[in-house]
Amino acid sequence: MKIALIGGRGRMGSAVAEVLREKGYDFFIIGREDDFSAYREADLLIEFTNRDATMHHVEQVVKDPRAYIIGTTGLTGDDIRLLRRLSGRVPVLLSYNFSIGINVLLKFMGNLVGALEGYDVAIVEKHHRFKKDKPSGTAKLLESAIREASDVPVDVHALRMGGIFGEHTIIFASSGEVIEITHRALSRRVFAEGVIRAIEFLKDKDKGFFTMGDVI
Ligand SMILES: NC(=O)c1ccc[n+]([C@@H]2O[C@H](COP(=O)([O-])OP(=O)(O)OC[C@H]3O[C@@H](n4cnc5c(N)ncnc54)[C@H](OP(=O)(O)O)[C@@H]3O)[C@@H](O)[C@H]2O)c1
């Protein structure tokens, strides 16, 4: 299997490239200056760029599809609809957070929110100062998991500071107690290792739309 790593020289892309190299995967990088049409030489595409670049690429891939793992955040509802259309022909996996911890948390969020009826809920996310989208894709995932289980209003706060890889805290408070659940990425490697699990998961899929929830 040959992999094209799109955005492979960026912060996240470099972390993925390092783990792909260590594990002996056959891959090449497509950066901003490279000819995107080289993607056709690959069986699987992995993309960590920005929303506009990703959707420009998706529009081309729709014409000559390849299996696609997308980690870029900030996609719109229309973007996701196009990805779902593509997933009718090839496997597509979209995840705003490849860590196992966040995805396990997402699975349990409905139960937790249901059990804590009447509690106020907030999400606080912190990321490095270069992160462009705000709030983070992960904060949006957490928020929608809470909203699926309850109509409680969710206050979302985003901080952009220093070099923080990614930190999310969900806070539940009643008049008598406070519960805080924090997920902290200690390096980008945790996301890159999740990408490897996603690659292995997609290997035997012909088509379909998946998330990390399916992988774990
Ligand atoms: N899903 C997750 O688990 C997860 C985790 C962390 C981050 N992210 C997301 O991943 C994305 C990238 O984040 P980052 O921190 O790695 O950003 P970054 O350091 O700015 O890297 C983005 C990379 O994309 C490249 N790029 C831009 N336009 C391109 C194009 N048209 N064709 C090919 N490559 C292009 C850039 O190339 P140049 O270097 O030439 O500009 C750069 O190397 C963001 O959306 C971020 O929110 C997701």
# chains A, B, ... in the order shown; residues from 1 in each chain; ligands from 1

$ residues_near_ligand --ligand "ligand 1" --cutoff "8 Å" --atoms "only C-alpha atoms and all ligand atoms" --output "PyMOL selection string"
chain A and resi 6-14+30-34+36+47-54+56-57+70-74+94-99+130-133+136-137+165-166+188+191-192+194

$ write_last_selection --atoms "N, CA and C atoms" --output "compact mmCIF listing (two decimals), in the first residue's frame"
# COMPACT_ATOMS: atom_id res chain seq x y z
N ILE A 6 -0.53 14.31 2.76
CA ILE A 6 -0.71 15.69 2.27
C ILE A 6 -0.58 16.64 3.46
N GLY A 7 0.33 17.61 3.33
CA GLY A 7 0.64 18.49 4.46
C GLY A 7 1.67 17.85 5.39
N GLY A 8 2.44 16.94 4.84
CA GLY A 8 3.37 16.13 5.64
C GLY A 8 4.56 16.89 6.21
N ARG A 9 4.68 18.18 5.86
CA ARG A 9 5.78 18.96 6.45
C ARG A 9 5.28 19.92 7.54
N GLY A 10 4.00 19.90 7.82
CA GLY A 10 3.44 20.75 8.88
C GLY A 10 3.65 20.13 10.25
N ARG A 11 3.12 20.79 11.27
CA ARG A 11 3.30 20.28 12.65
C ARG A 11 2.72 18.87 12.79
N MET A 12 1.45 18.70 12.42
CA MET A 12 0.83 17.38 12.56
C MET A 12 1.38 16.41 11.52
N GLY A 13 1.53 16.90 10.27
CA GLY A 13 2.04 16.03 9.20
C GLY A 13 3.40 15.45 9.55
N SER A 14 4.28 16.25 10.14
CA SER A 14 5.63 15.76 10.49
C SER A 14 5.53 14.66 11.54
N ILE A 30 3.06 15.18 -0.02
CA ILE A 30 2.64 16.24 -0.96
C ILE A 30 2.48 17.51 -0.13
N GLY A 31 3.33 18.49 -0.42
CA GLY A 31 3.26 19.77 0.29
C GLY A 31 2.63 20.84 -0.58
N ARG A 32 2.60 22.05 -0.05
CA ARG A 32 1.96 23.16 -0.75
C ARG A 32 2.57 23.41 -2.13
N GLU A 33 3.90 23.20 -2.23
CA GLU A 33 4.60 23.50 -3.49
C GLU A 33 4.56 22.33 -4.48
N ASP A 34 4.06 21.19 -4.05
CA ASP A 34 4.09 20.01 -4.93
C ASP A 34 2.83 19.92 -5.80
N PHE A 36 -0.33 18.38 -6.84
CA PHE A 36 -1.26 17.51 -6.10
C PHE A 36 -1.64 16.26 -6.90
N GLU A 47 -4.52 13.46 5.10
CA GLU A 47 -4.40 14.92 4.96
C GLU A 47 -4.51 15.66 6.29
N PHE A 48 -3.49 16.51 6.55
CA PHE A 48 -3.52 17.46 7.67
C PHE A 48 -3.05 18.80 7.11
N THR A 49 -3.97 19.60 6.54
CA THR A 49 -3.57 20.90 6.00
C THR A 49 -4.45 21.98 6.62
N ASN A 50 -5.27 22.62 5.79
CA ASN A 50 -6.26 23.58 6.31
C ASN A 50 -7.54 23.35 5.53
N ARG A 51 -8.63 23.97 5.95
CA ARG A 51 -9.94 23.68 5.37
C ARG A 51 -9.94 23.90 3.85
N ASP A 52 -9.46 25.07 3.40
CA ASP A 52 -9.57 25.40 1.97
C ASP A 52 -8.74 24.44 1.11
N ALA A 53 -7.50 24.17 1.57
CA ALA A 53 -6.64 23.25 0.80
C ALA A 53 -7.29 21.87 0.76
N THR A 54 -7.79 21.43 1.90
CA THR A 54 -8.39 20.08 1.96
C THR A 54 -9.56 19.98 0.99
N HIS A 56 -10.21 21.79 -1.65
CA HIS A 56 -9.71 21.89 -3.02
C HIS A 56 -9.22 20.49 -3.47
N HIS A 57 -8.55 19.80 -2.54
CA HIS A 57 -8.05 18.46 -2.85
C HIS A 57 -9.21 17.47 -3.01
N ILE A 70 -8.81 12.01 6.78
CA ILE A 70 -8.70 13.47 6.92
C ILE A 70 -8.69 13.86 8.39
N GLY A 71 -7.64 14.62 8.77
CA GLY A 71 -7.54 15.12 10.14
C GLY A 71 -7.68 16.62 10.22
N THR A 72 -7.78 17.27 9.06
CA THR A 72 -7.95 18.73 9.02
C THR A 72 -9.23 19.11 9.74
N THR A 73 -9.19 20.16 10.54
CA THR A 73 -10.40 20.60 11.27
C THR A 73 -11.04 21.79 10.55
N GLY A 74 -12.21 22.19 11.04
CA GLY A 74 -12.87 23.40 10.53
C GLY A 74 -13.68 23.18 9.26
N LEU A 94 -12.95 10.59 8.69
CA LEU A 94 -12.74 11.98 9.13
C LEU A 94 -12.71 11.98 10.64
N SER A 95 -11.64 12.56 11.21
CA SER A 95 -11.61 12.70 12.66
C SER A 95 -10.92 14.00 13.05
N TYR A 96 -11.59 14.77 13.89
CA TYR A 96 -10.99 16.02 14.39
C TYR A 96 -10.05 15.74 15.56
N ASN A 97 -10.01 14.48 16.01
CA ASN A 97 -9.08 14.13 17.10
C ASN A 97 -8.80 12.64 17.01
N PHE A 98 -7.53 12.30 16.77
CA PHE A 98 -7.16 10.89 16.57
C PHE A 98 -6.72 10.22 17.86
N SER A 99 -6.81 10.92 19.01
CA SER A 99 -6.35 10.28 20.25
C SER A 99 -7.41 9.28 20.72
N PHE A 130 -0.64 29.19 17.29
CA PHE A 130 -0.74 29.18 15.82
C PHE A 130 -2.02 28.50 15.33
N LYS A 131 -2.75 27.88 16.25
CA LYS A 131 -3.96 27.16 15.79
C LYS A 131 -4.98 28.15 15.25
N LYS A 132 -5.49 27.86 14.04
CA LYS A 132 -6.33 28.86 13.35
C LYS A 132 -7.80 28.76 13.75
N ASP A 133 -8.35 27.54 13.79
CA ASP A 133 -9.80 27.47 14.06
C ASP A 133 -10.06 27.55 15.57
N SER A 136 -11.88 24.57 18.86
CA SER A 136 -11.25 23.45 18.17
C SER A 136 -12.29 22.45 17.66
N GLY A 137 -11.89 21.65 16.68
CA GLY A 137 -12.77 20.60 16.18
C GLY A 137 -13.16 19.65 17.30
N PHE A 165 -0.18 21.55 22.93
CA PHE A 165 -0.55 20.64 21.83
C PHE A 165 -2.07 20.52 21.73
N GLY A 166 -2.75 20.53 22.89
CA GLY A 166 -4.21 20.39 22.86
C GLY A 166 -4.70 19.94 24.22
N ARG A 188 2.23 15.50 19.84
CA ARG A 188 1.39 15.22 18.67
C ARG A 188 1.45 13.74 18.30
N PHE A 191 -1.72 11.65 18.45
CA PHE A 191 -2.62 11.74 17.29
C PHE A 191 -2.08 10.88 16.14
N ALA A 192 -0.75 10.93 15.96
CA ALA A 192 -0.12 10.17 14.86
C ALA A 192 -0.35 8.68 15.07
N GLY A 194 -2.86 7.33 16.54
CA GLY A 194 -4.27 7.09 16.20
C GLY A 194 -4.44 6.98 14.69

$ select_by_dssp --residues "range 27-144 of chain A" --states "alpha helix (DSSP H)" --output "VMD selection string"
chain A and resid 51 to 61 77 to 86 100 to 115 137 to 144

$ residues_around --residues "Val152 in chain A" --least-positions-apart "5" --cutoff "12 Å" --atoms "only C-alpha atoms" --output "list of chain:residue names"
A:Val113, A:Gly114, A:Leu116, A:Glu117, A:Gly118, A:Tyr119, A:Asp120, A:Val121, A:Ala122, A:Glu143, A:Ser144, A:Ala145, A:Ile146, A:Arg147, A:Phe172

$ write_last_selection --atoms "N, CA and C atoms" --output "CSV table (one decimal), in the first residue's frame"
chain,number,residue,atom,x,y,z
A,113,VAL,N,-23.7,12.8,30.8
A,113,VAL,CA,-24.6,14.0,30.7
A,113,VAL,C,-26.0,13.6,31.2
A,114,GLY,N,-26.4,12.4,30.8
A,114,GLY,CA,-27.7,12.0,31.2
A,114,GLY,C,-27.8,11.8,32.7
A,116,LEU,N,-26.0,13.4,34.9
A,116,LEU,CA,-25.8,14.6,35.6
A,116,LEU,C,-26.9,15.7,35.2
A,117,GLU,N,-28.1,15.3,35.1
A,117,GLU,CA,-29.2,16.2,34.7
A,117,GLU,C,-29.3,17.4,35.7
A,118,GLY,N,-29.4,18.6,35.1
A,118,GLY,CA,-29.6,19.8,36.0
A,118,GLY,C,-28.2,20.4,36.3
A,119,TYR,N,-27.1,19.8,35.9
A,119,TYR,CA,-25.8,20.4,36.2
A,119,TYR,C,-25.5,21.4,35.0
A,120,ASP,N,-24.8,22.5,35.3
A,120,ASP,CA,-24.3,23.4,34.3
A,120,ASP,C,-23.1,22.7,33.6
A,121,VAL,N,-23.0,23.0,32.3
A,121,VAL,CA,-21.9,22.3,31.5
A,121,VAL,C,-21.1,23.3,30.8
A,122,ALA,N,-19.8,23.2,30.8
A,122,ALA,CA,-18.9,24.1,30.0
A,122,ALA,C,-17.7,23.2,29.5
A,143,GLU,N,-19.0,19.1,22.3
A,143,GLU,CA,-20.2,19.8,22.4
A,143,GLU,C,-21.4,19.1,21.8
A,144,SER,N,-21.2,18.5,20.6
A,144,SER,CA,-22.3,17.8,19.9
A,144,SER,C,-22.6,16.5,20.6
A,145,ALA,N,-21.6,15.9,21.2
A,145,ALA,CA,-22.0,14.6,22.0
A,145,ALA,C,-22.8,15.0,23.2
A,146,ILE,N,-22.6,16.2,23.8
A,146,ILE,CA,-23.4,16.6,25.0
A,146,ILE,C,-24.8,17.0,24.5
A,147,ARG,N,-24.8,17.7,23.4
A,147,ARG,CA,-26.2,18.1,22.9
A,147,ARG,C,-27.0,17.0,22.4
A,172,PHE,N,-18.7,20.1,34.8
A,172,PHE,CA,-20.1,19.9,35.2
A,172,PHE,C,-20.2,20.5,36.6

$ select_by_dssp --residues "range 15-216 of chain A" --states "strand (DSSP E)" --output "tab-separated table (two decimals) with C-alpha atoms, in the first residue's frame"
chain	number	residue	atom	x	y	z
A	26	ASP	CA	5.64	3.19	2.06
A	27	PHE	CA	4.71	6.88	1.78
A	28	PHE	CA	5.51	10.16	0.09
A	29	ILE	CA	4.70	13.74	1.03
A	30	ILE	CA	2.64	16.24	-0.96
A	44	LEU	CA	-4.47	5.92	0.48
A	45	LEU	CA	-4.37	9.67	1.18
A	46	ILE	CA	-3.82	11.19	4.62
A	47	GLU	CA	-4.40	14.92	4.96
A	67	ALA	CA	-9.18	5.96	0.25
A	68	TYR	CA	-8.88	9.09	2.37
A	69	ILE	CA	-8.07	9.83	6.02
A	70	ILE	CA	-8.70	13.47	6.92
A	91	PRO	CA	-13.50	4.47	2.41
A	92	VAL	CA	-13.27	7.93	4.00
A	93	LEU	CA	-12.34	8.50	7.64
A	94	LEU	CA	-12.74	11.98	9.13
A	120	ASP	CA	-24.32	23.38	34.27
A	121	VAL	CA	-21.89	22.29	31.55
A	122	ALA	CA	-18.90	24.07	29.99
A	123	ILE	CA	-15.96	23.12	27.78
A	124	VAL	CA	-12.62	24.90	27.99
A	125	GLU	CA	-10.06	24.17	25.29
A	126	LYS	CA	-6.45	25.38	25.09
A	127	HIS	CA	-4.17	25.18	22.07
A	154	VAL	CA	-22.94	24.35	26.72
A	155	ASP	CA	-20.53	27.24	27.28
A	156	VAL	CA	-17.43	26.78	25.11
A	157	HIS	CA	-14.26	28.77	25.81
A	158	ALA	CA	-11.14	28.72	23.64
A	159	LEU	CA	-7.68	29.89	24.67
A	160	ARG	CA	-4.72	30.23	22.28
A	167	GLU	CA	-6.09	20.41	26.14
A	168	HIS	CA	-9.86	19.98	26.67
A	169	THR	CA	-11.72	20.20	29.97
A	170	ILE	CA	-15.40	19.41	30.39
A	171	ILE	CA	-16.82	20.98	33.55
A	172	PHE	CA	-20.07	19.93	35.23
A	173	ALA	CA	-21.27	22.03	38.17
A	178	VAL	CA	-17.91	20.44	40.48
A	179	ILE	CA	-16.64	17.66	38.23
A	180	GLU	CA	-13.84	18.42	35.77
A	181	ILE	CA	-12.59	15.94	33.18
A	182	THR	CA	-9.42	16.98	31.40
A	183	HIS	CA	-7.76	15.42	28.39
A	184	ARG	CA	-4.23	16.64	27.70
A	208	GLY	CA	-18.04	3.99	3.65
A	209	PHE	CA	-17.80	6.99	5.94
A	210	PHE	CA	-16.01	6.38	9.25

$ closest_residue --among "A:Glu148, A:Ser187, A:Leu83, A:His128" --to "Asn111 in chain A" --atoms "only C-alpha atoms"
A:Glu148

$ residues_around --residues "Lys23 in chain A" --least-positions-apart "4" --cutoff "12 Å" --atoms "only C-alpha atoms" --output "ChimeraX atom specification"
/A:16-19,27,192-193,196-197

$ write_last_selection --atoms "C-alpha atoms" --output "PDB file, in the first residue's frame"
ATOM      1  CA  VAL A  16       2.538  11.406  11.259  1.00  0.00           C
ATOM      2  CA  ALA A  17       5.536  11.125   8.891  1.00  0.00           C
ATOM      3  CA  GLU A  18       7.812  10.201  11.807  1.00  0.00           C
ATOM      4  CA  VAL A  19       5.548   7.347  12.944  1.00  0.00           C
ATOM      5  CA  PHE A  27       4.705   6.876   1.781  1.00  0.00           C
ATOM      6  CA  ALA A 192      -0.125  10.174  14.860  1.00  0.00           C
ATOM      7  CA  GLU A 193      -0.480   6.788  16.558  1.00  0.00           C
ATOM      8  CA  ILE A 196      -1.845   4.364  12.264  1.00  0.00           C
ATOM      9  CA  ARG A 197      -4.858   2.624  13.862  1.00  0.00           C
TER      10      ARG A 197
END

$ closest_residue --among "A:Ile100, A:Val90, A:Val62, A:Met109" --to "Asp204 in chain A" --atoms "only C-alpha atoms"
A:Val90

$ atom_distance --atom1 "CA of Glu22 in chain A" --atom2 "CA of Ala42 in chain A"
19.3 Å

$ atom_distance --atom1 "CA of Arg129 in chain A" --atom2 "CA of Met212 in chain A"
26.0 Å

$ decode --residues "range 145-215 of chain A" --atoms "C-alpha atoms" --output "PDB file, in the first residue's frame"
ATOM      1  CA  ALA A 145     -21.952  14.649  22.004  1.00  0.00           C
ATOM      2  CA  ILE A 146     -23.363  16.611  24.980  1.00  0.00           C
ATOM      3  CA  ARG A 147     -26.152  18.143  22.881  1.00  0.00           C
ATOM      4  CA  GLU A 148     -27.180  14.735  21.550  1.00  0.00           C
ATOM      5  CA  ALA A 149     -27.825  13.607  25.128  1.00  0.00           C
ATOM      6  CA  SER A 150     -29.350  16.753  26.610  1.00  0.00           C
ATOM      7  CA  ASP A 151     -30.633  20.227  25.779  1.00  0.00           C
ATOM      8  CA  VAL A 152     -28.443  21.798  28.484  1.00  0.00           C
ATOM      9  CA  PRO A 153     -26.679  24.949  27.178  1.00  0.00           C
ATOM     10  CA  VAL A 154     -22.935  24.347  26.718  1.00  0.00           C
ATOM     11  CA  ASP A 155     -20.535  27.240  27.282  1.00  0.00           C
ATOM     12  CA  VAL A 156     -17.428  26.777  25.110  1.00  0.00           C
ATOM     13  CA  HIS A 157     -14.260  28.774  25.815  1.00  0.00           C
ATOM     14  CA  ALA A 158     -11.143  28.722  23.642  1.00  0.00           C
ATOM     15  CA  LEU A 159      -7.678  29.890  24.666  1.00  0.00           C
ATOM     16  CA  ARG A 160      -4.723  30.235  22.285  1.00  0.00           C
ATOM     17  CA  MET A 161      -1.476  30.246  24.275  1.00  0.00           C
ATOM     18  CA  GLY A 162       2.166  29.251  23.836  1.00  0.00           C
ATOM     19  CA  GLY A 163       2.894  25.774  22.530  1.00  0.00           C
ATOM     20  CA  ILE A 164       0.036  23.730  24.046  1.00  0.00           C
ATOM     21  CA  PHE A 165      -0.553  20.638  21.827  1.00  0.00           C
ATOM     22  CA  GLY A 166      -4.213  20.392  22.862  1.00  0.00           C
ATOM     23  CA  GLU A 167      -6.094  20.406  26.139  1.00  0.00           C
ATOM     24  CA  HIS A 168      -9.856  19.980  26.668  1.00  0.00           C
ATOM     25  CA  THR A 169     -11.721  20.205  29.973  1.00  0.00           C
ATOM     26  CA  ILE A 170     -15.401  19.405  30.386  1.00  0.00           C
ATOM     27  CA  ILE A 171     -16.819  20.977  33.547  1.00  0.00           C
ATOM     28  CA  PHE A 172     -20.073  19.930  35.227  1.00  0.00           C
ATOM     29  CA  ALA A 173     -21.266  22.029  38.172  1.00  0.00           C
ATOM     30  CA  SER A 174     -24.263  21.951  40.494  1.00  0.00           C
ATOM     31  CA  SER A 175     -24.733  24.200  43.521  1.00  0.00           C
ATOM     32  CA  GLY A 176     -22.960  21.566  45.639  1.00  0.00           C
ATOM     33  CA  GLU A 177     -20.127  20.129  43.534  1.00  0.00           C
ATOM     34  CA  VAL A 178     -17.910  20.438  40.481  1.00  0.00           C
ATOM     35  CA  ILE A 179     -16.643  17.660  38.234  1.00  0.00           C
ATOM     36  CA  GLU A 180     -13.844  18.425  35.769  1.00  0.00           C
ATOM     37  CA  ILE A 181     -12.595  15.942  33.182  1.00  0.00           C
ATOM     38  CA  THR A 182      -9.423  16.982  31.397  1.00  0.00           C
ATOM     39  CA  HIS A 183      -7.765  15.423  28.390  1.00  0.00           C
ATOM     40  CA  ARG A 184      -4.233  16.638  27.701  1.00  0.00           C
ATOM     41  CA  ALA A 185      -2.211  15.614  24.655  1.00  0.00           C
ATOM     42  CA  LEU A 186       1.406  15.288  25.810  1.00  0.00           C
ATOM     43  CA  SER A 187       2.710  15.408  22.242  1.00  0.00           C
ATOM     44  CA  ARG A 188       1.394  15.216  18.667  1.00  0.00           C
ATOM     45  CA  ARG A 189       2.543  11.597  18.607  1.00  0.00           C
ATOM     46  CA  VAL A 190      -0.656  10.515  20.345  1.00  0.00           C
ATOM     47  CA  PHE A 191      -2.624  11.744  17.287  1.00  0.00           C
ATOM     48  CA  ALA A 192      -0.125  10.174  14.860  1.00  0.00           C
ATOM     49  CA  GLU A 193      -0.480   6.788  16.558  1.00  0.00           C
ATOM     50  CA  GLY A 194      -4.265   7.090  16.201  1.00  0.00           C
ATOM     51  CA  VAL A 195      -3.737   7.690  12.469  1.00  0.00           C
ATOM     52  CA  ILE A 196      -1.845   4.364  12.264  1.00  0.00           C
ATOM     53  CA  ARG A 197      -4.858   2.624  13.862  1.00  0.00           C
ATOM     54  CA  ALA A 198      -7.095   4.358  11.308  1.00  0.00           C
ATOM     55  CA  ILE A 199      -4.898   3.109   8.416  1.00  0.00           C
ATOM     56  CA  GLU A 200      -5.098  -0.469   9.680  1.00  0.00           C
ATOM     57  CA  PHE A 201      -8.878  -0.132  10.161  1.00  0.00           C
ATOM     58  CA  LEU A 202      -9.430   1.152   6.591  1.00  0.00           C
ATOM     59  CA  LYS A 203      -7.262  -1.521   4.942  1.00  0.00           C
ATOM     60  CA  ASP A 204     -10.062  -4.025   4.376  1.00  0.00           C
ATOM     61  CA  LYS A 205     -12.864  -1.509   3.712  1.00  0.00           C
ATOM     62  CA  ASP A 206     -14.201  -1.018   0.163  1.00  0.00           C
ATOM     63  CA  LYS A 207     -16.137   2.161   0.901  1.00  0.00           C
ATOM     64  CA  GLY A 208     -18.035   3.987   3.649  1.00  0.00           C
ATOM     65  CA  PHE A 209     -17.797   6.987   5.940  1.00  0.00           C
ATOM     66  CA  PHE A 210     -16.008   6.376   9.252  1.00  0.00           C
ATOM     67  CA  THR A 211     -14.758   8.228  12.324  1.00  0.00           C
ATOM     68  CA  MET A 212     -12.341   7.266  15.098  1.00  0.00           C
ATOM     69  CA  GLY A 213     -15.419   6.138  17.037  1.00  0.00           C
ATOM     70  CA  ASP A 214     -15.666   3.243  14.549  1.00  0.00           C
ATOM     71  CA  VAL A 215     -11.953   2.485  14.905  1.00  0.00           C
TER      72      VAL A 215
END
